[in-house]
Structure formats: C-alpha cells, structure tokens
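Here's structure.pdb, which has PDB, C-alpha atoms, pLDDT in the B column:
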```pdb
ATOM      1  CA  MET A  28       4.655  -6.648   0.132  1.00 64.00           C
ATOM      2  CA  ASN A  29       3.072  -9.108   2.552  1.00 78.00           C
ATOM      3  CA  PRO A  30       0.440  -7.887   5.042  1.00 82.00           C
ATOM      4  CA  GLY A  31       1.743  -6.833   8.440  1.00 90.00           C
ATOM      5  CA  LYS A  32       1.124  -8.355  11.870  1.00 93.00           C
ATOM      6  CA  PRO A  33      -2.483  -8.040  13.085  1.00 96.00           C
ATOM      7  CA  LEU A  34      -3.454  -7.763  16.718  1.00 98.00           C
ATOM      8  CA  ALA A  35      -6.334  -9.971  17.906  1.00 98.00           C
ATOM      9  CA  ILE A  36      -8.623  -8.470  20.554  1.00 98.00           C
ATOM     10  CA  THR A  37     -12.124  -9.156  21.861  1.00 98.00           C
ATOM     11  CA  TYR A  38     -14.841  -6.625  21.062  1.00 98.00           C
ATOM     12  CA  ALA A  39     -18.614  -7.073  21.375  1.00 97.00           C
ATOM     13  CA  ASP A  40     -17.880 -10.624  22.594  1.00 97.00           C
ATOM     14  CA  HIS A  41     -16.193 -11.513  19.298  1.00 98.00           C
ATOM     15  CA  THR A  42     -12.589 -11.755  18.192  1.00 98.00           C
ATOM     16  CA  VAL A  43     -11.558  -9.045  15.753  1.00 98.00           C
ATOM     17  CA  TRP A  44      -8.169  -8.402  14.213  1.00 98.00           C
ATOM     18  CA  LEU A  45      -6.743  -4.903  14.087  1.00 98.00           C
ATOM     19  CA  LEU A  46      -4.739  -4.719  10.877  1.00 98.00           C
ATOM     20  CA  PRO A  47      -1.710  -2.450  10.442  1.00 97.00           C
ATOM     21  CA  GLU A  48      -3.080  -1.647   6.990  1.00 96.00           C
ATOM     22  CA  HIS A  49      -5.691   0.530   8.793  1.00 96.00           C
ATOM     23  CA  ALA A  50      -8.532  -1.993   8.568  1.00 98.00           C
ATOM     24  CA  LEU A  51     -10.431  -4.377  10.842  1.00 98.00           C
ATOM     25  CA  TRP A  52     -11.042  -8.058  10.122  1.00 98.00           C
ATOM     26  CA  TRP A  53     -13.871 -10.078  11.693  1.00 98.00           C
ATOM     27  CA  PRO A  54     -12.772 -13.681  11.050  1.00 98.00           C
ATOM     28  CA  ASP A  55     -15.999 -15.410  12.199  1.00 98.00           C
ATOM     29  CA  GLY A  56     -18.081 -13.517   9.634  1.00 98.00           C
ATOM     30  CA  ARG A  57     -15.248 -13.079   7.112  1.00 98.00           C
ATOM     31  CA  VAL A  58     -15.982  -9.354   6.892  1.00 98.00           C
ATOM     32  CA  LEU A  59     -13.357  -6.702   6.227  1.00 98.00           C
ATOM     33  CA  PHE A  60     -14.093  -3.168   7.485  1.00 98.00           C
ATOM     34  CA  VAL A  61     -12.311  -0.044   6.224  1.00 97.00           C
ATOM     35  CA  ALA A  62     -13.043   3.620   6.910  1.00 95.00           C
ATOM     36  CA  ASP A  63     -12.406   6.909   5.138  1.00 91.00           C
ATOM     37  CA  LEU A  64     -10.817   6.041   1.794  1.00 88.00           C
ATOM     38  CA  HIS A  65     -11.472   9.550   0.434  1.00 83.00           C
ATOM     39  CA  LEU A  66     -10.791   8.329  -3.084  1.00 85.00           C
ATOM     40  CA  GLY A  67     -10.029  11.125  -5.521  1.00 75.00           C
ATOM     41  CA  LYS A  68      -9.101  13.604  -2.780  1.00 56.00           C
ATOM     42  CA  ALA A  69      -5.894  14.612  -4.546  1.00 50.00           C
ATOM     43  CA  ALA A  70      -7.824  15.041  -7.807  1.00 48.00           C
ATOM     44  CA  SER A  71     -10.307  17.252  -5.946  1.00 53.00           C
ATOM     45  CA  TYR A  72      -7.477  19.475  -4.713  1.00 44.00           C
ATOM     46  CA  ARG A  73      -5.929  19.666  -8.178  1.00 43.00           C
ATOM     47  CA  ALA A  74      -9.323  20.725  -9.559  1.00 49.00           C
ATOM     48  CA  LEU A  75      -9.053  23.712  -7.207  1.00 48.00           C
ATOM     49  CA  GLY A  76      -5.642  24.587  -8.636  1.00 50.00           C
ATOM     50  CA  GLN A  77      -3.581  23.163  -5.763  1.00 47.00           C
ATOM     51  CA  PRO A  78      -0.469  21.267  -6.966  1.00 49.00           C
ATOM     52  CA  VAL A  79      -0.753  18.087  -4.899  1.00 48.00           C
ATOM     53  CA  PRO A  80       0.841  14.821  -6.088  1.00 52.00           C
ATOM     54  CA  SER A  81      -1.096  12.217  -8.055  1.00 53.00           C
ATOM     55  CA  GLY A  82      -1.254   8.443  -7.556  1.00 52.00           C
ATOM     56  CA  THR A  83      -3.009   8.242  -4.195  1.00 75.00           C
ATOM     57  CA  THR A  84      -6.139   6.559  -5.598  1.00 88.00           C
ATOM     58  CA  ALA A  85      -4.051   3.866  -7.293  1.00 88.00           C
ATOM     59  CA  GLU A  86      -2.119   3.254  -4.073  1.00 90.00           C
ATOM     60  CA  ASN A  87      -5.293   3.057  -1.965  1.00 91.00           C
ATOM     61  CA  LEU A  88      -6.838   0.506  -4.324  1.00 93.00           C
ATOM     62  CA  ARG A  89      -3.603  -1.486  -4.499  1.00 93.00           C
ATOM     63  CA  ARG A  90      -3.468  -1.747  -0.715  1.00 93.00           C
ATOM     64  CA  LEU A  91      -7.138  -2.704  -0.568  1.00 95.00           C
ATOM     65  CA  SER A  92      -6.647  -5.402  -3.204  1.00 96.00           C
ATOM     66  CA  GLN A  93      -3.739  -6.782  -1.225  1.00 96.00           C
ATOM     67  CA  LEU A  94      -5.942  -7.204   1.849  1.00 97.00           C
ATOM     68  CA  ILE A  95      -8.737  -8.814  -0.179  1.00 97.00           C
ATOM     69  CA  THR A  96      -6.313 -11.288  -1.747  1.00 97.00           C
ATOM     70  CA  HIS A  97      -4.833 -12.184   1.631  1.00 97.00           C
ATOM     71  CA  TYR A  98      -7.978 -12.455   3.786  1.00 97.00           C
ATOM     72  CA  LEU A  99     -10.510 -13.521   1.104  1.00 97.00           C
ATOM     73  CA  PRO A 100     -13.470 -11.732   2.738  1.00 98.00           C
ATOM     74  CA  ALA A 101     -17.074 -12.640   2.006  1.00 98.00           C
ATOM     75  CA  GLN A 102     -18.001  -8.963   2.449  1.00 98.00           C
ATOM     76  CA  LEU A 103     -16.205  -5.627   2.380  1.00 98.00           C
ATOM     77  CA  VAL A 104     -17.820  -2.804   4.383  1.00 98.00           C
ATOM     78  CA  PHE A 105     -16.785   0.805   3.796  1.00 97.00           C
ATOM     79  CA  LEU A 106     -17.457   2.898   6.900  1.00 96.00           C
ATOM     80  CA  GLY A 107     -18.170   6.089   4.997  1.00 89.00           C
ATOM     81  CA  ASP A 108     -16.345   8.717   2.929  1.00 88.00           C
ATOM     82  CA  PHE A 109     -15.701   6.504  -0.075  1.00 87.00           C
ATOM     83  CA  LEU A 110     -15.280   9.354  -2.591  1.00 83.00           C
ATOM     84  CA  HIS A 111     -13.939  12.646  -1.281  1.00 57.00           C
ATOM     85  CA  ALA A 112     -16.047  15.128  -3.275  1.00 60.00           C
ATOM     86  CA  ARG A 113     -17.904  15.577  -6.547  1.00 58.00           C
ATOM     87  CA  GLN A 114     -14.654  16.829  -8.079  1.00 66.00           C
ATOM     88  CA  ALA A 115     -13.208  13.377  -7.318  1.00 61.00           C
ATOM     89  CA  ARG A 116     -15.365  11.808 -10.029  1.00 66.00           C
ATOM     90  CA  THR A 117     -12.737  12.295 -12.735  1.00 75.00           C
ATOM     91  CA  ALA A 118     -12.369   9.918 -15.671  1.00 78.00           C
ATOM     92  CA  SER A 119      -9.092   8.665 -14.215  1.00 79.00           C
ATOM     93  CA  VAL A 120     -10.500   7.940 -10.739  1.00 84.00           C
ATOM     94  CA  LEU A 121     -13.657   6.264 -12.072  1.00 87.00           C
ATOM     95  CA  ASN A 122     -11.650   4.167 -14.538  1.00 88.00           C
ATOM     96  CA  GLN A 123      -9.355   2.958 -11.745  1.00 89.00           C
ATOM     97  CA  LEU A 124     -12.396   2.076  -9.661  1.00 90.00           C
ATOM     98  CA  GLN A 125     -13.900   0.115 -12.556  1.00 90.00           C
ATOM     99  CA  LEU A 126     -10.698  -1.895 -13.005  1.00 93.00           C
ATOM    100  CA  TRP A 127     -10.458  -2.542  -9.269  1.00 94.00           C
ATOM    101  CA  ARG A 128     -14.078  -3.723  -9.093  1.00 94.00           C
ATOM    102  CA  GLN A 129     -13.609  -6.020 -12.095  1.00 95.00           C
ATOM    103  CA  GLY A 130     -10.751  -7.659 -10.232  1.00 96.00           C
ATOM    104  CA  HIS A 131     -13.048  -8.433  -7.275  1.00 97.00           C
ATOM    105  CA  ALA A 132     -16.365  -8.845  -9.080  1.00 96.00           C
ATOM    106  CA  SER A 133     -17.702 -11.581  -6.772  1.00 96.00           C
ATOM    107  CA  LEU A 134     -17.034  -9.655  -3.549  1.00 98.00           C
ATOM    108  CA  HIS A 135     -20.101  -8.204  -1.832  1.00 98.00           C
ATOM    109  CA  CYS A 136     -19.341  -4.542  -1.053  1.00 97.00           C
ATOM    110  CA  THR A 137     -21.395  -2.209   1.131  1.00 98.00           C
ATOM    111  CA  LEU A 138     -20.907   1.511   1.709  1.00 96.00           C
ATOM    112  CA  VAL A 139     -22.304   3.111   4.856  1.00 96.00           C
ATOM    113  CA  ARG A 140     -22.839   6.731   3.832  1.00 93.00           C
ATOM    114  CA  GLY A 141     -20.665   9.359   5.529  1.00 89.00           C
ATOM    115  CA  ASN A 142     -20.660  13.135   5.410  1.00 84.00           C
ATOM    116  CA  HIS A 143     -18.417  13.267   2.330  1.00 70.00           C
ATOM    117  CA  ASP A 144     -20.638  10.748   0.535  1.00 70.00           C
ATOM    118  CA  SER A 145     -23.572  13.116   0.893  1.00 72.00           C
ATOM    119  CA  ARG A 146     -21.595  15.701  -1.101  1.00 78.00           C
ATOM    120  CA  ALA A 147     -19.762  13.386  -3.510  1.00 67.00           C
ATOM    121  CA  GLY A 148     -22.825  11.276  -4.267  1.00 78.00           C
ATOM    122  CA  ASP A 149     -23.154   7.507  -4.213  1.00 85.00           C
ATOM    123  CA  PRO A 150     -20.637   5.442  -6.193  1.00 84.00           C
ATOM    124  CA  PRO A 151     -21.606   4.753  -9.825  1.00 88.00           C
ATOM    125  CA  ALA A 152     -24.210   1.979 -10.018  1.00 88.00           C
ATOM    126  CA  ASP A 153     -22.060  -0.164 -12.292  1.00 90.00           C
ATOM    127  CA  LEU A 154     -19.582  -0.629  -9.419  1.00 92.00           C
ATOM    128  CA  SER A 155     -22.233  -2.820  -7.732  1.00 94.00           C
ATOM    129  CA  ILE A 156     -21.643  -1.377  -4.278  1.00 93.00           C
ATOM    130  CA  SER A 157     -24.685  -1.489  -1.988  1.00 95.00           C
ATOM    131  CA  VAL A 158     -25.241   1.862  -0.283  1.00 95.00           C
ATOM    132  CA  VAL A 159     -26.953   2.164   3.118  1.00 96.00           C
ATOM    133  CA  ASP A 160     -27.399   4.680   5.914  1.00 95.00           C
ATOM    134  CA  GLU A 161     -25.977   4.213   9.390  1.00 96.00           C
ATOM    135  CA  PRO A 162     -26.305   2.118  11.436  1.00 97.00           C
ATOM    136  CA  TYR A 163     -25.880  -0.958   9.241  1.00 98.00           C
ATOM    137  CA  LEU A 164     -26.028  -4.137  11.340  1.00 98.00           C
ATOM    138  CA  VAL A 165     -23.464  -6.818  10.517  1.00 98.00           C
ATOM    139  CA  GLY A 166     -23.462  -9.710  12.984  1.00 97.00           C
ATOM    140  CA  PRO A 167     -22.691  -8.231  16.443  1.00 98.00           C
ATOM    141  CA  PHE A 168     -21.581  -4.903  14.976  1.00 98.00           C
ATOM    142  CA  ALA A 169     -23.294  -1.657  13.996  1.00 98.00           C
ATOM    143  CA  ALA A 170     -21.351  -0.292  11.037  1.00 98.00           C
ATOM    144  CA  CYS A 171     -21.457   3.520  11.095  1.00 98.00           C
ATOM    145  CA  HIS A 172     -19.520   6.466   9.797  1.00 96.00           C
ATOM    146  CA  HIS A 173     -19.949   8.832  12.732  1.00 95.00           C
ATOM    147  CA  PRO A 174     -18.776   7.639  16.163  1.00 96.00           C
ATOM    148  CA  GLN A 175     -21.745   6.836  18.389  1.00 96.00           C
ATOM    149  CA  THR A 176     -23.199   4.080  20.551  1.00 96.00           C
ATOM    150  CA  HIS A 177     -25.866   1.507  19.753  1.00 97.00           C
ATOM    151  CA  ALA A 178     -28.296  -0.121  22.174  1.00 97.00           C
ATOM    152  CA  THR A 179     -27.572  -3.717  21.151  1.00 97.00           C
ATOM    153  CA  HIS A 180     -24.488  -3.805  18.883  1.00 98.00           C
ATOM    154  CA  GLY A 181     -20.858  -2.767  19.134  1.00 98.00           C
ATOM    155  CA  VAL A 182     -20.257   0.237  16.886  1.00 98.00           C
ATOM    156  CA  LEU A 183     -17.498   0.307  14.268  1.00 98.00           C
ATOM    157  CA  ALA A 184     -17.026   3.819  12.898  1.00 98.00           C
ATOM    158  CA  GLY A 185     -14.602   6.184  11.194  1.00 96.00           C
ATOM    159  CA  HIS A 186     -14.879   9.914  10.460  1.00 93.00           C
ATOM    160  CA  THR A 187     -12.305  11.347  12.884  1.00 93.00           C
ATOM    161  CA  HIS A 188      -9.112   9.814  11.368  1.00 93.00           C
ATOM    162  CA  PRO A 189      -7.671   9.181  14.861  1.00 95.00           C
ATOM    163  CA  VAL A 190      -3.957   9.510  15.550  1.00 94.00           C
ATOM    164  CA  VAL A 191      -1.927   9.352  18.758  1.00 94.00           C
ATOM    165  CA  GLN A 192       1.236  11.239  19.647  1.00 90.00           C
ATOM    166  CA  LEU A 193       3.966   9.199  21.333  1.00 88.00           C
ATOM    167  CA  GLN A 194       6.924  10.722  23.129  1.00 77.00           C
ATOM    168  CA  GLY A 195      10.283   9.064  23.668  1.00 72.00           C
ATOM    169  CA  PRO A 196      12.936   9.535  26.366  1.00 71.00           C
ATOM    170  CA  ALA A 197      14.959  11.944  24.173  1.00 64.00           C
ATOM    171  CA  ARG A 198      11.989  14.295  23.765  1.00 68.00           C
ATOM    172  CA  ASP A 199      11.364  12.792  20.344  1.00 73.00           C
ATOM    173  CA  ARG A 200       7.774  12.659  19.156  1.00 79.00           C
ATOM    174  CA  LEU A 201       5.991  10.312  16.818  1.00 86.00           C
ATOM    175  CA  ARG A 202       2.463  10.819  15.477  1.00 86.00           C
ATOM    176  CA  LEU A 203       0.825   7.541  14.445  1.00 93.00           C
ATOM    177  CA  PRO A 204      -2.603   6.394  13.267  1.00 94.00           C
ATOM    178  CA  CYS A 205      -4.530   4.478  15.897  1.00 96.00           C
ATOM    179  CA  PHE A 206      -7.630   2.436  16.653  1.00 97.00           C
ATOM    180  CA  VAL A 207      -9.811   3.844  19.440  1.00 97.00           C
ATOM    181  CA  PHE A 208     -11.958   1.523  21.557  1.00 97.00           C
ATOM    182  CA  GLU A 209     -14.511   2.122  24.260  1.00 95.00           C
ATOM    183  CA  GLU A 210     -16.844  -0.505  25.728  1.00 93.00           C
ATOM    184  CA  ARG A 211     -19.454  -0.268  22.939  1.00 94.00           C
ATOM    185  CA  SER A 212     -17.835   1.987  20.376  1.00 97.00           C
ATOM    186  CA  ALA A 213     -14.733   1.746  18.183  1.00 98.00           C
ATOM    187  CA  ILE A 214     -13.137   4.100  15.650  1.00 98.00           C
ATOM    188  CA  LEU A 215     -10.893   2.898  12.839  1.00 97.00           C
ATOM    189  CA  PRO A 216      -7.951   4.882  11.477  1.00 96.00           C
ATOM    190  CA  ALA A 217      -8.427   6.391   8.025  1.00 95.00           C
ATOM    191  CA  PHE A 218      -7.541   3.973   5.236  1.00 95.00           C
ATOM    192  CA  GLY A 219      -6.860   6.695   2.657  1.00 88.00           C
ATOM    193  CA  GLU A 220      -3.306   7.764   1.869  1.00 75.00           C
ATOM    194  CA  PHE A 221      -4.064  11.476   1.600  1.00 60.00           C
ATOM    195  CA  THR A 222      -5.927  12.212   4.832  1.00 65.00           C
ATOM    196  CA  GLY A 223      -5.280  14.269   7.928  1.00 71.00           C
ATOM    197  CA  GLY A 224      -5.694  13.094  11.508  1.00 77.00           C
ATOM    198  CA  TYR A 225      -7.247  14.107  14.814  1.00 81.00           C
ATOM    199  CA  THR A 226      -5.015  13.579  17.845  1.00 90.00           C
ATOM    200  CA  VAL A 227      -6.656  11.458  20.561  1.00 91.00           C
ATOM    201  CA  ALA A 228      -5.474  11.876  24.140  1.00 87.00           C
ATOM    202  CA  ALA A 229      -5.318   9.051  26.661  1.00 83.00           C
ATOM    203  CA  GLN A 230      -8.242   9.173  29.064  1.00 86.00           C
ATOM    204  CA  PRO A 231     -10.139   6.785  31.365  1.00 88.00           C
ATOM    205  CA  GLY A 232     -12.339   4.295  29.536  1.00 90.00           C
ATOM    206  CA  LEU A 233     -10.480   4.749  26.261  1.00 94.00           C
ATOM    207  CA  GLN A 234      -8.163   2.073  24.863  1.00 96.00           C
ATOM    208  CA  LEU A 235      -5.807   3.106  22.065  1.00 96.00           C
ATOM    209  CA  TYR A 236      -3.951   0.801  19.672  1.00 97.00           C
ATOM    210  CA  ALA A 237      -1.165   2.443  17.699  1.00 96.00           C
ATOM    211  CA  VAL A 238      -0.265   1.478  14.130  1.00 95.00           C
ATOM    212  CA  GLY A 239       3.289   1.656  12.824  1.00 92.00           C
ATOM    213  CA  GLY A 240       6.087  -0.426  11.356  1.00 85.00           C
ATOM    214  CA  GLN A 241       3.652  -2.992   9.932  1.00 92.00           C
ATOM    215  CA  THR A 242       2.302  -3.875  13.363  1.00 95.00           C
ATOM    216  CA  VAL A 243      -0.389  -2.839  15.868  1.00 97.00           C
ATOM    217  CA  TRP A 244       0.161  -2.577  19.598  1.00 95.00           C
ATOM    218  CA  ARG A 245      -1.857  -1.741  22.694  1.00 96.00           C
ATOM    219  CA  LEU A 246      -0.940   1.511  24.393  1.00 94.00           C
ATOM    220  CA  PRO A 247      -0.969   1.881  28.170  1.00 88.00           C
ATOM    221  CA  HIS A 248      -3.857   3.810  29.690  1.00 73.00           C
ATOM    222  CA  SER A 249      -1.611   6.294  31.448  1.00 55.00           C
ATOM    223  CA  ARG A 250      -0.616   9.383  29.485  1.00 52.00           C
ATOM    224  CA  GLY A 251       2.727   9.283  31.294  1.00 48.00           C
ATOM    225  CA  LEU A 252       3.418   5.761  30.045  1.00 43.00           C
ATOM    226  CA  ILE A 253       2.463   6.729  26.496  1.00 45.00           C
ATOM    227  CA  ARG A 254       5.369   9.161  26.647  1.00 44.00           C
ATOM    228  CA  ASN A 255       7.768   6.190  26.626  1.00 40.00           C
ATOM    229  CA  SER A 256       5.891   3.979  24.173  1.00 43.00           C
ATOM    230  CA  ILE A 257       8.190   4.528  21.176  1.00 39.00           C
ATOM    231  CA  ALA A 258      10.818   2.205  22.613  1.00 39.00           C
ATOM    232  CA  ASN A 259       8.220  -0.479  23.369  1.00 42.00           C
ATOM    233  CA  ALA A 260       6.331  -0.329  20.079  1.00 43.00           C
ATOM    234  CA  SER A 261       6.394  -4.048  19.321  1.00 38.00           C
ATOM    235  CA  ASP A 262       6.150  -5.526  22.827  1.00 41.00           C
ATOM    236  CA  SER A 263       2.367  -6.118  22.675  1.00 40.00           C
ATOM    237  CA  ALA A 264       2.096  -7.340  19.069  1.00 41.00           C
ATOM    238  CA  GLN A 265       0.385 -10.700  18.691  1.00 42.00           C
ATOM    239  CA  THR A 266      -0.021 -12.485  15.411  1.00 41.00           C
ATOM    240  CA  PRO A 267      -3.277 -14.464  15.071  1.00 51.00           C
ATOM    241  CA  THR A 268      -3.387 -17.550  12.893  1.00 42.00           C
ATOM    242  CA  LEU A 269      -5.323 -17.445   9.632  1.00 42.00           C
TER     243      LEU A 269
END
```
Will you turn the file into structure tokens for me?
Amino acid sequence: MNPGKPLAITYADHTVWLLPEHALWWPDGRVLFVADLHLGKAASYRALGQPVPSGTTAENLRRLSQLITHYLPAQLVFLGDFLHARQARTASVLNQLQLWRQGHASLHCTLVRGNHDSRAGDPPADLSISVVDEPYLVGPFAACHHPQTHATHGVLAGHTHPVVQLQGPARDRLRLPCFVFEERSAILPAFGEFTGGYTVAAQPGLQLYAVGGQTVWRLPHSRGLIRNSIANASDSAQTPTL
C-alpha cells in the first residue's frame, strides 16, 4: 500500500507534513517523528491472561518501514513509549525488532523517554537506538513525550493519543485520531495499532487536524462546524511534493 496524502502546514516557522500514517515529517531536516508505538502491548496483555489478538507489533513495524522507505529520513525520532511494559520484552517482540533494525541499519534513531519507557526500560543496546530525556532539541523543534511548552523551540509531543469526535447531519458519529496544534506546542496521534485515545474538544487557540481515509484535513475551530465535518473530510487535503 502506498502512503496516503500528507497535509503541509507551517509550525515553528518551518514547513512540516502531517502524515495520515500518524507521523510527522520535517522535510528540511529529513526527520521523521512518531509517538507512542507501545510495541509489545498485546503481548503484555496476554502475559496477564487476557486473550487479545497477536500481530500488532509486526503491523506497527511494517507501517514504520513503509514510511522509512518512502521518505528516506536521515533521522527517526520516537516521541516516547517505545515499548509498552517490561512484559513486552518477549522473545518474539525482540526478534521482530532486531529484524526491523537490520533492515534500516544506517538510519539514526533516537528515543525520547516517556512514562512507559521508565517502566519498560530502554530498548536493548544492540538495536542502536540513542535514548535521551525530554526535551531533545532537533532543529527548531523540542522533541518531548509529555505535552508542554518550550521557551525557544516548538514542541512536538505525544502521550495523550488524541482523537476527535465528528458528528454528521444524520446524527452519525465518527471518532478519529488527530493532530493537535497550539502556537508553540503540538501533539501527534499515537502510531501504535493497539492504543486507546483521549477525545479532544474544539476550543479557542487549538487547531485540530483529523486523520482518516488515508488523508489529513484541517477541522474548523467552531464545535458546531465540527458536527458537520464528516461530509467535508477531504475538502482541505493538500498533497505536498516530495
């Protein structure tokens, strides 16, 4: 499957692309940002005796590889919560990670520690992933896990797994992942397949970008207009040129 249609916006005086694959691309620096993979989350639940389906780690890594192949980043930055828990460090999960890393051995990867990383522990050293605390400065951006502001850099964060609820004219409702932007702070949707979401309401000073149908679009500021956004889902989509 080919990557979907990104939406180019300006943030921290730089052009960034919001990707429908739940990632952010900074073309000037050739840096790909992703948040909240929660690798091995399903394995962690199964270790507790809960019968959840398998295969989410493989799917997450497949999607990530697809983005790397398409955009050819110089650096990949994980905005926290790489592994879900210590129980995620199964032989199967670690073996899949090893194979994924071997396929992208020359790519510089950095993990900004999140709250789950403090419990799961840093990735195995042989994955060659640099691990840092927040904020991690990358060009004009402060890469963080927890949403916050920074005195000099535009924050890119994760943690909350933001989603937005749209309402259509027939009282139908649609809950979609979204990007959340304020003047100096941005939150990415969770990249992981097996994650929940926190519903974000429209409010002054907050710009939401919904993700669905392999595209990203800007939502109106008014909560009343968001009620009718299902029918206009693709009106604002713009495809930047690689």
Nearby residues (only C-alpha atoms) at most 12 Å from segment 164-168 of chain A, same-chain spacing under 4 positions excluded, as a tab-separated table (two decimals) with C-alpha atoms, keeping the file's coordinate frame:
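This is the output file part_30.tsv:
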```
chain	number	residue	atom	x	y	z
A	37	THR	CA	-12.12	-9.16	21.86
A	38	TYR	CA	-14.84	-6.62	21.06
A	39	ALA	CA	-18.61	-7.07	21.38
A	40	ASP	CA	-17.88	-10.62	22.59
A	41	HIS	CA	-16.19	-11.51	19.30
A	42	THR	CA	-12.59	-11.76	18.19
A	43	VAL	CA	-11.56	-9.04	15.75
A	51	LEU	CA	-10.43	-4.38	10.84
A	53	TRP	CA	-13.87	-10.08	11.69
A	54	PRO	CA	-12.77	-13.68	11.05
A	55	ASP	CA	-16.00	-15.41	12.20
A	56	GLY	CA	-18.08	-13.52	9.63
A	57	ARG	CA	-15.25	-13.08	7.11
A	58	VAL	CA	-15.98	-9.35	6.89
A	59	LEU	CA	-13.36	-6.70	6.23
A	60	PHE	CA	-14.09	-3.17	7.48
A	102	GLN	CA	-18.00	-8.96	2.45
A	103	LEU	CA	-16.20	-5.63	2.38
A	104	VAL	CA	-17.82	-2.80	4.38
A	106	LEU	CA	-17.46	2.90	6.90
A	137	THR	CA	-21.40	-2.21	1.13
A	139	VAL	CA	-22.30	3.11	4.86
A	159	VAL	CA	-26.95	2.16	3.12
A	160	ASP	CA	-27.40	4.68	5.91
A	176	THR	CA	-23.20	4.08	20.55
A	177	HIS	CA	-25.87	1.51	19.75
A	178	ALA	CA	-28.30	-0.12	22.17
A	179	THR	CA	-27.57	-3.72	21.15
A	180	HIS	CA	-24.49	-3.80	18.88
A	181	GLY	CA	-20.86	-2.77	19.13
A	182	VAL	CA	-20.26	0.24	16.89
A	183	LEU	CA	-17.50	0.31	14.27
A	184	ALA	CA	-17.03	3.82	12.90
A	211	ARG	CA	-19.45	-0.27	22.94
A	212	SER	CA	-17.84	1.99	20.38
A	213	ALA	CA	-14.73	1.75	18.18
```
Would you mind reading off the distance between atom CA of Leu46 of chain A and atom CA of Leu235 of chain A, one decimal, in Å?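 Between atom CA of Leu46 of chain A and atom CA of Leu235 of chain A the gap is 13.7 Å.
Coordinates place atom CA of Cys205 of chain A at a distance of 9.6 Å from atom CA of Gln192 of chain A.
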Taken to one decimal, the atom CA of Ser92 of chain A-atom CA of Cys136 of chain A distance is 12.9 Å
Within 9 Å of (-13.4, 10.3, 16.7) (file coordinates; only C-alpha atoms), which protein or nucleic acid residues are there? I'd like them as number ranges by chain. A: 173-174, 184-189, 207, 213-215, 225, 227
Report as an mmCIF file with C-alpha atoms, in the coordinates of the input all protein, DNA and RNA residues lying within 12 Å of Asn122 of chain A, evaluated on all atoms listed in the file, omitting residues in the same chain fewer than 2 positions from it.
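Full text of around14.cif as output:
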```cif
data_model
loop_
_atom_site.group_PDB
_atom_site.id
_atom_site.type_symbol
_atom_site.label_atom_id
_atom_site.label_comp_id
_atom_site.auth_asym_id
_atom_site.auth_seq_id
_atom_site.Cartn_x
_atom_site.Cartn_y
_atom_site.Cartn_z
ATOM 1 C CA GLY A 67 -10.029 11.125 -5.521
ATOM 2 C CA THR A 84 -6.139 6.559 -5.598
ATOM 3 C CA ALA A 85 -4.051 3.866 -7.293
ATOM 4 C CA LEU A 88 -6.838 0.506 -4.324
ATOM 5 C CA ALA A 115 -13.208 13.377 -7.318
ATOM 6 C CA ARG A 116 -15.365 11.808 -10.029
ATOM 7 C CA THR A 117 -12.737 12.295 -12.735
ATOM 8 C CA ALA A 118 -12.369 9.918 -15.671
ATOM 9 C CA SER A 119 -9.092 8.665 -14.215
ATOM 10 C CA VAL A 120 -10.500 7.940 -10.739
ATOM 11 C CA LEU A 124 -12.396 2.076 -9.661
ATOM 12 C CA GLN A 125 -13.900 0.115 -12.556
ATOM 13 C CA LEU A 126 -10.698 -1.895 -13.005
ATOM 14 C CA TRP A 127 -10.458 -2.542 -9.269
ATOM 15 C CA ARG A 128 -14.078 -3.723 -9.093
ATOM 16 C CA GLN A 129 -13.609 -6.020 -12.095
ATOM 17 C CA PRO A 151 -21.606 4.753 -9.825
ATOM 18 C CA ASP A 153 -22.060 -0.164 -12.292
ATOM 19 C CA LEU A 154 -19.582 -0.629 -9.419
#
```
Could you list, as a ChimeraX atom specification, every residue matched by the PyMOL selection byres ((chain A and resi 232) around 8) in this structure? /A:209-210,230-231,233-234
Which of these residues is nearest to His49 of chain A, using all atoms listed in the file: A:Val158, A:Leu91, A:Ala35, A:Ala229?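 The answer is A:Leu91, which sits nearest to His49 of chain A.
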Closest of A:Gly107, A:Gly130, A:Pro100, A:Pro162 to Arg146 of chain A - atom-to-atom distances counting all atoms listed in the file: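 Checking each candidate against Arg146 of chain A, we get A:Gly107 as the closest.
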